[in-house]
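Enquirer: Just passing along the structure, written as C-alpha cells.
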Amino acid sequence: MIVEAGHFALVLALVLALAQGTFPLIGAATGRSDFMAVGRHAALGQFTLIAISFAALTYAYVTSDFSVANVVQNSHTAKPLLYKITGVWANHEGSMLLWILILGAFGAMVAFFGANLPASLRARVLAVQGLIGFGFILFILFTSNPFDRIWPPPPDGRGLNPLLQDPGLAFHPPFLYFGYVGFSVAFAFAVAALIEGRVDPAWARWVRPWTLAAWCSLTLGIALGSWWAYYELGWGGFWFWDPVENASFLPWLSGTALLHSAIVVEKRDALKSWTVLLAVLTFSLSLMGTFLVRSGVLTSVHAFATDPARGVFILALLVIASGGSLLLYAVRAPSMQGGGLFAPISREGSLVLNNLLLATATATVFLGTLYPLFLDVLDAGKVSVGPPFFNMTFVPLMVPVIVAMGIGPMLAWKRGDLPGVLSRLWLALALAAAIGIGTLIAMGVQSVLAALAMALAGWLMASVLVEWAERVKLFRAPLQESWRRARHIPRSSYGMSVAHAGLAVIVAGITASSAWQTEVIRQMRAGDTVEVAGYSMQFEGVREQRGPNYISRQGEFLVTRNGSVVTTLTPERRAYPIEGDTTTEAAIHTTWLADLYAVIGDGNAEAGWSVRLYHNPLVPWIWVGAVIMVLGGLVSLSDRRHRVGVPERRRARPGPAMPAPAE
Amino acid sequence: MKRFWAAILVACSLLASQSSLAIRPDEVLADPVLEERAREIGKQLRCLVCQNQSIDDSDADLARDLRILVRERLQQGDTDDEVLAYMKARYGDFVLLKPPMGPVTYLLWFGPALLGVAGIVAVVFFFRRNRERPDEPTLTDAERRRIAEVIGDRPEAGGT
C-alpha cells in the first residue's frame, strides 16, 4: 500500500513538473502573473511529492518488503540498518529517484528563496527546472521504476554489493548528485537569461551562491569517492582516471571555471556570454556524467546498470537539454553586449587565463575519456586511454594555473601592475625556491619533478598568505589597524584564500604520495618482521571473526619505531556469503604526515600470507585539502552579499544595473 | 563480439573476487632495479579483460600472466621500450594505456593543444576588440548640461 502510494506520488509529481515547465513560461512570455505564479507552487508541490515517493521506497527497504523487486535485488534482512537505508540509492532505480529528489529540492529552494527575483526571471528559472524534472521523472517511470512488485515474493533478498556497504561510498552519491543537480540551477538561470536576453551583475549575484553550493558538494563527493578508493580497493591509489571518475571531474572543472567567470560578470559586467555558455556546458557535463554512468556505456567498476533502453533515453534527454540550450545560446548570445573593459594584465585578465586553462583541461579530460568510445563507434579500432595519457596532458596544464593563482588575486581590477605584484611576492618566490631546493637535497636529484611540484604548492600557500598580509597591512600598520582591516575583508575574499590554500595542500599531498611511496610485498608467517620506511612491522598472524553479514579474516601487525610501539594494524578480508563476494579492508594508521597502510591477501599458516605494506607520505593531505577547499566555498557562501534581500536592493534601481565597486 | 566481452567481464569480476592482491609476493623479482622497471612498465599496460585497470592494479589471472611475461622479457635483457613493443605486437594498441601516436589518435594527442591555441586566439581577439572600443561611454553635451543642472554648479564634477 505504502509502495503504491509512493508510485502514485511520483506520477503526480510528473504532472506537476509538466505544469511547472509550461505555465510559467507562457506566463512570462505573455505577462500573465497568475500563470507565472504556478511555478512557485508547483515546485514546492513537486518536491513534496517526490519526497513522499522517496520515503515510501526507503520504508520498503527498512522493512525489507521483498514484494518490491528493487528491494529484493539490493537488500537482505541481515544487512545493517545503515546499509538498508543507503541501499535505497546504491542501485540504478533508487539513485535516479535520489537524483530527482535533489532536483526537486533545488526547485523548492529557488521557489522559497527566490522571492527577491524579478517575477519573469523566477518563472523562467522554475520552468526550466520543471522541464528537467519532467524528463527525469518520465525516465524513471518508463525505464527504471523502483516500485515494481514481484510475485510471489522471495523469502529473502539478494543483498547489496559488499563494496557498497561502506560509509564512504554510502554518502558519496548524495554529495555527488547534490553537486551535479545543483548546477541545474545555474543552467536554469542561464537559459532564463538567454530567453530574457539580459545578463547583468545582479544575475551573476543570484547564480553564484547556487553554483558555489553545488561546487562545494561536488568537491566533497569526489573527495569521498577517492578516499573510498584509497582505503577500500586496497592498493593505496586514490585517483585512477577511470571514465566514471572523469565523469564527475568534468563538471567540477567547468564548474570551477564558472565560479570564477561569474565573479567577472558580477564585479565588472564583462565575460557575460562566456559565463552563460559555461553554465550551460557545466550542467551538460553533469548530464553526460549521468548518462555515462547510468547507461553502462563505459562498463567499469562503478557502472552497475547495463540496459540500452535507459542509455538511449538519457542520451535523448542530454541531446534535448544541451542541444536546445546551445541552439538558444547561438541565437541569443551575439546580442549580448560586453560591459566593463579591462587590460590583459588585470584581475579580470587573470580570471580569463584561469578560464582558458580550466576550459582546455576540461576539453583534454573530455577527449581522453570519450576517445575510445568515439573510435569504437566509428569502428576505427580499439585504443585505451589511461593514466599515462592524463598525467602527460592534464598535469602540465595545472602548472600555469597554480602559478597564476598566486599572482591573480593581487592584481588590481581593470589594469594591474605585474612587476609590482611580483616584487611584492618576493617572499613567496623565495619560499617556493627554498622548498624546491630543500626537497632536492632531502630526496635526491631523481625527484626533480616532484621537487618542482612541492615548490609550486609552497608558492601557492605562501602567496595566499602574502595576499592576506598585504590586505591587512600586516607589520606595516599598527596591529590594531591590521585587526580592523582583517575583520572588514569580505567573507568571499576569505573564502577564496581558504579554497586556494586547500588546493596547495592537495598538490603537496598528491605529489608526495605519488613520488615517495614505500611499498613492501611479502609472503609472511606469524612472527616475521619487515621494515617499512623506518617502521618495523611484526606479523602476529590471522584470526577469523564474524560480522553482522560477513566472515572476516583479520591479520594483525604490531608496528614499532625505534623500539616503542606505534600502533597495531588489523587489515581484513571479508567474505559476504549472501552476495558471494569478498572485500579488502585496508588497515590505516595516520600520523597526518603519512599513512601506514596494510592489506592482507590469501594464504595459510604454513606457507604464510601474502601481505602488502605501504608508507604513504602526505596522503591524508589530499582529503584534508579537499575539506579546506569546501570550507573556503562555505565561507564565501556566507558572504553577506549572497544573503536574501541584498540583491533586491540592488535590483530596485531601474535600467541596467551598475557594476559593483571594485574591492 | 559484445557477448564475448560481457563473458570476459563476468569472468574477470569472478576472478577478482577469488584472488585478492594484484601483485603477489612470488612474482616479485629479486633484483630491485629490474622489479622497479617491471612496475613502471606494468602501469603502462592494460589488463585486457578488465575495465580500465593496469596489469599492475588488476587481480585477474591474465594480468598476472602478463606481469610474469614482462618480468621474463626484462630478465632476458629487453629494454623497457622493447617490452612495450613486444606487448603491442602481441595484443595490439589496446594493451597500451598511453595510446600510440598515429593517424587514429592525432585528434586525441593534438586536440587539447589545438583547443588551447584556439582559446588563446579567441582571448587575443577579445582584447583587440576591447581596445578598439572607447574606454568609457562619453557624455553628450545635453547630458553634461543636465548634470550641471542637477549638481547646480561645476559642470565637470560628474565624470569619473
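In the C-alpha cells, chains take letters A, B, ... by order of appearance, with residues numbered from 1 within each chain and ligands from 1 in the order shown.
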Using only C-alpha atoms, what table do you get, as CSV, when you list each residue of chain A with an atom no more than 9 Å from chain B, its nearest pair of atoms, and their distance in Å rounded to one decimal, rows by chain then rising number?
Expert:
```
residue,atom,partner,partner_atom,distance
A:Gly234,CA,B:Leu21,CA,7.8
A:Trp235,CA,B:Asp57,CA,7.2
A:Phe240,CA,B:Gln53,CA,8.3
A:Trp241,CA,B:Asn52,CA,8.6
A:Asp242,CA,B:Asn52,CA,6.3
A:Pro243,CA,B:Asn52,CA,8.1
A:Leu298,CA,B:Gln51,CA,8.4
A:Thr299,CA,B:Gln51,CA,6.7
A:Ser300,CA,B:Gln51,CA,5.1
A:Val301,CA,B:Gln51,CA,7.2
A:Gly340,CA,B:Glu136,CA,8.5
A:Leu341,CA,B:Asn130,CA,6.5
A:Phe342,CA,B:Asn130,CA,7.8
A:Ala343,CA,B:Phe127,CA,7.3
A:Pro344,CA,B:Phe127,CA,6.9
A:Val352,CA,B:Val123,CA,7.9
A:Leu353,CA,B:Val123,CA,8.7
A:Leu356,CA,B:Gly119,CA,6.2
A:Leu357,CA,B:Gly116,CA,7.6
A:Ala359,CA,B:Gly116,CA,8.3
A:Thr360,CA,B:Gly116,CA,5.5
A:Ala361,CA,B:Pro112,CA,7.7
A:Ala363,CA,B:Pro112,CA,6.4
A:Thr364,CA,B:Pro112,CA,5.1
A:Val365,CA,B:Pro112,CA,8.9
A:Leu367,CA,B:Leu108,CA,6.3
A:Gly368,CA,B:Leu108,CA,6.7
A:Tyr371,CA,B:Leu108,CA,6.9
A:Leu375,CA,B:Val104,CA,8.1
A:Ala380,CA,B:Val104,CA,7.3
A:Gly381,CA,B:Val104,CA,8.1
A:Lys382,CA,B:Phe94,CA,5.5
A:Val383,CA,B:Phe94,CA,4.4
A:Ser384,CA,B:Leu97,CA,5.1
A:Val385,CA,B:Leu97,CA,5.2
A:Gly386,CA,B:Leu97,CA,4.5
A:Pro387,CA,B:Leu97,CA,6.9
A:Pro388,CA,B:Lys98,CA,5.4
A:Phe389,CA,B:Lys98,CA,5.2
A:Phe390,CA,B:Lys98,CA,8.7
A:Thr393,CA,B:Pro112,CA,8.0
A:Ile521,CA,B:Pro25,CA,5.6
A:Arg522,CA,B:Pro25,CA,5.0
A:Gln523,CA,B:Pro25,CA,5.7
A:Arg573,CA,B:Ser20,CA,8.5
A:Gly580,CA,B:Ser17,CA,8.7
A:Asp581,CA,B:Ser17,CA,6.0
A:Thr582,CA,B:Ser17,CA,5.8
A:Thr583,CA,B:Ser17,CA,7.7
A:Thr584,CA,B:Ser20,CA,7.5
A:Val599,CA,B:Leu21,CA,8.4
A:Ile600,CA,B:Leu21,CA,8.0
A:Gly601,CA,B:Ser20,CA,5.3
A:Asp602,CA,B:Ser20,CA,6.5
A:Ser610,CA,B:Pro25,CA,6.3
A:Val611,CA,B:Pro25,CA,7.9
A:Arg612,CA,B:Leu21,CA,8.1
```
Enquirer: How about saving the chosen residues, C-alpha atoms kept, as a compact mmCIF listing (two decimals), in the first residue's frame?
Expert:
```txt
# COMPACT_ATOMS: atom_id res chain seq x y z
CA GLY A 234 43.46 -2.00 -1.35
CA TRP A 235 46.34 -0.81 -3.46
CA PHE A 240 42.68 6.25 -11.43
CA TRP A 241 41.44 8.47 -14.26
CA ASP A 242 38.65 5.95 -14.61
CA PRO A 243 35.95 7.19 -17.03
CA LEU A 298 31.60 2.59 -20.25
CA THR A 299 31.41 -0.57 -18.25
CA SER A 300 33.72 -0.13 -15.33
CA VAL A 301 33.83 -0.78 -11.60
CA GLY A 340 33.38 46.78 -18.41
CA LEU A 341 36.70 46.96 -20.22
CA PHE A 342 39.99 45.70 -18.87
CA ALA A 343 43.61 45.27 -19.85
CA PRO A 344 45.11 41.78 -20.33
CA VAL A 352 40.30 34.92 -18.18
CA LEU A 353 43.57 32.97 -18.01
CA LEU A 356 41.27 29.45 -20.63
CA LEU A 357 43.34 26.87 -18.77
CA ALA A 359 38.46 25.01 -20.23
CA THR A 360 41.43 23.43 -22.02
CA ALA A 361 41.86 21.00 -19.12
CA ALA A 363 38.47 19.52 -23.05
CA THR A 364 41.54 17.34 -22.51
CA VAL A 365 39.82 15.13 -19.95
CA LEU A 367 38.65 13.92 -25.15
CA GLY A 368 40.63 11.32 -23.22
CA TYR A 371 38.03 8.92 -27.32
CA LEU A 375 36.76 5.15 -32.07
CA ALA A 380 38.24 2.72 -36.18
CA GLY A 381 39.99 0.39 -33.79
CA LYS A 382 40.32 -0.15 -30.09
CA VAL A 383 42.61 2.03 -28.03
CA SER A 384 42.98 2.51 -24.30
CA VAL A 385 43.40 5.95 -22.80
CA GLY A 386 44.69 5.54 -19.30
CA PRO A 387 46.55 7.35 -16.53
CA PRO A 388 49.77 7.82 -18.56
CA PHE A 389 47.85 9.96 -21.08
CA PHE A 390 46.16 12.12 -18.47
CA THR A 393 48.43 16.18 -20.72
CA ILE A 521 55.01 -7.03 -0.91
CA ARG A 522 55.79 -10.15 1.06
CA GLN A 523 54.75 -13.62 1.97
CA ARG A 573 39.45 -9.83 4.17
CA GLY A 580 29.11 -14.45 -2.65
CA ASP A 581 31.78 -11.79 -2.72
CA THR A 582 34.80 -10.67 -0.75
CA THR A 583 36.19 -7.24 0.06
CA THR A 584 39.54 -5.95 1.24
CA VAL A 599 46.46 -5.13 3.30
CA ILE A 600 46.24 -8.86 3.74
CA GLY A 601 45.59 -11.39 0.99
CA ASP A 602 45.40 -15.13 0.59
CA SER A 610 50.64 -12.58 1.15
CA VAL A 611 50.66 -9.05 2.50
CA ARG A 612 51.18 -5.56 1.16
```
Enquirer: Might you pull out every residue within 8 Å of Trp227 of chain A, with only C-alpha atoms counted and same-chain residues fewer than 3 positions away left off, and present them as a PDB file with C-alpha atoms, in the first residue's frame?
Expert:
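Listing of result.pdb after writing:
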```pdb
ATOM      1  CA  GLY A 168      32.472   6.410   2.469  1.00  0.00           C
ATOM      2  CA  ALA A 223      36.874  13.579  -2.340  1.00  0.00           C
ATOM      3  CA  LEU A 224      34.722  10.935  -0.608  1.00  0.00           C
ATOM      4  CA  TYR A 230      42.091   4.621  -1.310  1.00  0.00           C
ATOM      5  CA  TYR A 231      41.049   2.578   1.702  1.00  0.00           C
ATOM      6  CA  PHE A 238      43.341   7.432  -4.825  1.00  0.00           C
ATOM      7  CA  TRP A 623      41.456  14.888   1.649  1.00  0.00           C
TER       8      TRP A 623
END
```
Enquirer: Taking into account only C-alpha atoms, which residue in the set A:Val542, A:Ala515, A:Ala108, A:Leu440 is nearest to His41 of chain A?
Expert: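 When distances to His41 of chain A are compared using only C-alpha atoms, the smallest one comes from A:Ala108.
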Enquirer: Of the candidates A:Ser144, A:Ser226, A:Ser346, A:Asn74, which one gets nearest to Arg158 of chain A if we count only C-alpha atoms?
Expert: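 Of all the options, A:Asn74 lies closest to Arg158 of chain A.
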Enquirer: Please provide the set of residues having any atom within 10 Å of segment 82-84 of chain B, restricted to only C-alpha atoms, with same-chain residues fewer than 6 positions apart removed, written as an NGL selection string.
Expert: :B and (38 or 41-42 or 44-45 or 69-74 or 90 or 95-96)
Enquirer: Please identify the alpha helix (DSSP H) residues within segment 203-331 of chain A (assignment by DSSP from backbone atoms) and present them as a VMD selection string.
Expert: chain A and resid 203 to 232 243 to 268 272 to 295 308 to 318 324 to 331
Enquirer: Export, as a compact mmCIF listing (two decimals), in the first residue's frame, the selected residues with C-alpha atoms.
Expert:
```
# COMPACT_ATOMS: atom_id res chain seq x y z
CA TRP A 203 22.10 37.91 -12.49
CA ALA A 204 25.63 36.79 -11.64
CA ARG A 205 24.99 37.54 -8.00
CA TRP A 206 21.98 35.22 -7.99
CA VAL A 207 23.75 32.46 -9.88
CA ARG A 208 26.91 32.45 -7.79
CA PRO A 209 25.59 31.10 -4.46
CA TRP A 210 23.85 28.18 -6.21
CA THR A 211 26.97 27.40 -8.19
CA LEU A 212 29.08 27.66 -5.05
CA ALA A 213 26.81 25.31 -3.10
CA ALA A 214 26.86 22.79 -5.95
CA TRP A 215 30.62 23.11 -6.30
CA CYS A 216 31.20 22.54 -2.56
CA SER A 217 29.07 19.44 -2.62
CA LEU A 218 30.66 18.06 -5.78
CA THR A 219 34.13 18.65 -4.32
CA LEU A 220 33.13 16.73 -1.20
CA GLY A 221 31.53 13.96 -3.25
CA ILE A 222 34.63 13.49 -5.42
CA ALA A 223 36.87 13.58 -2.34
CA LEU A 224 34.72 10.94 -0.61
CA GLY A 225 34.87 8.71 -3.69
CA SER A 226 38.63 9.00 -3.93
CA TRP A 227 39.02 8.39 -0.18
CA TRP A 228 36.88 5.27 -0.54
CA ALA A 229 39.00 4.03 -3.44
CA TYR A 230 42.09 4.62 -1.31
CA TYR A 231 41.05 2.58 1.70
CA GLU A 232 38.77 0.03 0.06
CA PRO A 243 35.95 7.19 -17.03
CA VAL A 244 33.43 7.29 -14.23
CA GLU A 245 35.74 9.35 -12.05
CA ASN A 246 36.32 11.64 -15.01
CA ALA A 247 32.56 11.94 -15.46
CA SER A 248 32.36 13.65 -12.08
CA PHE A 249 35.61 15.56 -12.57
CA LEU A 250 34.48 17.20 -15.84
CA PRO A 251 31.59 19.21 -14.33
CA TRP A 252 33.88 20.03 -11.41
CA LEU A 253 36.46 21.55 -13.74
CA SER A 254 33.99 23.58 -15.77
CA GLY A 255 32.03 24.44 -12.62
CA THR A 256 35.24 25.83 -11.13
CA ALA A 257 35.72 27.92 -14.27
CA LEU A 258 32.10 29.08 -13.97
CA LEU A 259 32.59 30.18 -10.36
CA HIS A 260 35.49 32.36 -11.45
CA SER A 261 33.96 33.87 -14.56
CA ALA A 262 30.77 34.71 -12.66
CA ILE A 263 32.94 36.95 -10.47
CA VAL A 264 33.89 38.99 -13.53
CA VAL A 265 30.23 39.34 -14.53
CA GLU A 266 29.29 40.37 -11.02
CA LYS A 267 32.08 42.89 -10.45
CA ARG A 268 32.74 44.21 -13.92
CA LYS A 272 28.74 37.66 -19.90
CA SER A 273 28.06 35.39 -22.83
CA TRP A 274 31.04 33.20 -21.94
CA THR A 275 29.69 32.77 -18.41
CA VAL A 276 26.27 31.79 -19.73
CA LEU A 277 27.96 29.27 -22.03
CA LEU A 278 29.92 27.81 -19.10
CA ALA A 279 26.72 27.44 -17.07
CA VAL A 280 25.11 25.55 -19.97
CA LEU A 281 28.20 23.39 -20.50
CA THR A 282 28.67 22.59 -16.82
CA PHE A 283 25.20 21.15 -16.45
CA SER A 284 25.52 19.42 -19.82
CA LEU A 285 28.65 17.72 -18.50
CA SER A 286 26.71 16.74 -15.37
CA LEU A 287 24.05 15.19 -17.58
CA MET A 288 26.73 13.49 -19.63
CA GLY A 289 28.20 12.10 -16.42
CA THR A 290 24.80 10.72 -15.50
CA PHE A 291 24.49 9.27 -19.00
CA LEU A 292 27.93 7.63 -18.94
CA VAL A 293 27.39 6.08 -15.52
CA ARG A 294 23.73 5.15 -15.85
CA SER A 295 23.76 3.78 -19.37
CA PRO A 308 20.41 0.09 -23.68
CA ALA A 309 16.82 1.40 -23.38
CA ARG A 310 17.89 3.54 -20.46
CA GLY A 311 21.00 4.74 -22.23
CA VAL A 312 19.03 5.88 -25.26
CA PHE A 313 16.51 7.69 -23.05
CA ILE A 314 19.17 9.61 -21.12
CA LEU A 315 21.03 10.33 -24.33
CA ALA A 316 17.81 11.85 -25.73
CA LEU A 317 17.44 13.96 -22.58
CA LEU A 318 21.06 15.06 -22.92
CA GLY A 324 18.34 23.04 -27.14
CA SER A 325 20.16 25.36 -24.81
CA LEU A 326 23.20 25.61 -27.08
CA LEU A 327 20.91 26.47 -30.00
CA LEU A 328 19.24 29.12 -27.88
CA TYR A 329 22.71 30.35 -26.98
CA ALA A 330 23.77 30.55 -30.62
CA VAL A 331 20.70 32.65 -31.42
```
Enquirer: Kindly give the distance, in Å, that separates atom CA of Tyr91 of chain B and atom CA of Leu29 of chain B, rounded to a single decimal.
Expert: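 Computing the Euclidean distance for atom CA of Tyr91 of chain B and atom CA of Leu29 of chain B yields 23.8 Å.
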Enquirer: Find the residues of segment 309-413 of chain A that sit at most 12 Å from segment 488-501 of chain A; for each, write down the nearest two atoms and how far apart they are in Å, to one decimal. Count only C-alpha atoms. Sort by chain, then by number going up, and give it as CSV.
Expert:
```
residue,atom,partner,partner_atom,distance
A:Val401,CA,A:His500,CA,11.2
A:Ile402,CA,A:His500,CA,9.1
A:Val403,CA,A:His500,CA,11.7
A:Ala404,CA,A:His500,CA,11.4
A:Met405,CA,A:His500,CA,7.6
A:Gly406,CA,A:His500,CA,8.8
A:Ile407,CA,A:His500,CA,11.8
A:Gly408,CA,A:Met496,CA,11.5
A:Pro409,CA,A:Met496,CA,8.9
A:Met410,CA,A:Ser497,CA,11.4
```
Enquirer: Go ahead and save the picked residues with N, CA and C atoms, as a PDB file, in the first residue's frame.
Expert:
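In the end it all went to result34.pdb:
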```pdb
ATOM      1  N   VAL A 401      48.234  27.162 -14.065  1.00  0.00           N
ATOM      2  CA  VAL A 401      47.079  27.521 -13.233  1.00  0.00           C
ATOM      3  C   VAL A 401      47.558  27.924 -11.839  1.00  0.00           C
ATOM      4  N   ILE A 402      48.449  27.110 -11.271  1.00  0.00           N
ATOM      5  CA  ILE A 402      48.884  27.367  -9.897  1.00  0.00           C
ATOM      6  C   ILE A 402      49.797  28.590  -9.835  1.00  0.00           C
ATOM      7  N   VAL A 403      50.660  28.736 -10.854  1.00  0.00           N
ATOM      8  CA  VAL A 403      51.500  29.939 -10.880  1.00  0.00           C
ATOM      9  C   VAL A 403      50.611  31.176 -10.902  1.00  0.00           C
ATOM     10  N   ALA A 404      49.588  31.167 -11.772  1.00  0.00           N
ATOM     11  CA  ALA A 404      48.716  32.331 -11.912  1.00  0.00           C
ATOM     12  C   ALA A 404      47.852  32.541 -10.681  1.00  0.00           C
ATOM     13  N   MET A 405      47.519  31.440  -9.979  1.00  0.00           N
ATOM     14  CA  MET A 405      46.688  31.579  -8.782  1.00  0.00           C
ATOM     15  C   MET A 405      47.381  32.398  -7.714  1.00  0.00           C
ATOM     16  N   GLY A 406      48.722  32.363  -7.711  1.00  0.00           N
ATOM     17  CA  GLY A 406      49.454  33.161  -6.739  1.00  0.00           C
ATOM     18  C   GLY A 406      49.407  34.631  -7.078  1.00  0.00           C
ATOM     19  N   ILE A 407      49.414  34.934  -8.393  1.00  0.00           N
ATOM     20  CA  ILE A 407      49.554  36.329  -8.830  1.00  0.00           C
ATOM     21  C   ILE A 407      48.194  37.017  -8.978  1.00  0.00           C
ATOM     22  N   GLY A 408      47.240  36.301  -9.605  1.00  0.00           N
ATOM     23  CA  GLY A 408      45.960  36.902  -9.972  1.00  0.00           C
ATOM     24  C   GLY A 408      45.280  37.691  -8.864  1.00  0.00           C
ATOM     25  N   PRO A 409      45.106  37.092  -7.667  1.00  0.00           N
ATOM     26  CA  PRO A 409      44.351  37.806  -6.631  1.00  0.00           C
ATOM     27  C   PRO A 409      45.003  39.115  -6.191  1.00  0.00           C
ATOM     28  N   MET A 410      46.295  39.325  -6.535  1.00  0.00           N
ATOM     29  CA  MET A 410      46.947  40.565  -6.113  1.00  0.00           C
ATOM     30  C   MET A 410      46.896  41.637  -7.185  1.00  0.00           C
TER      31      MET A 410
END
```
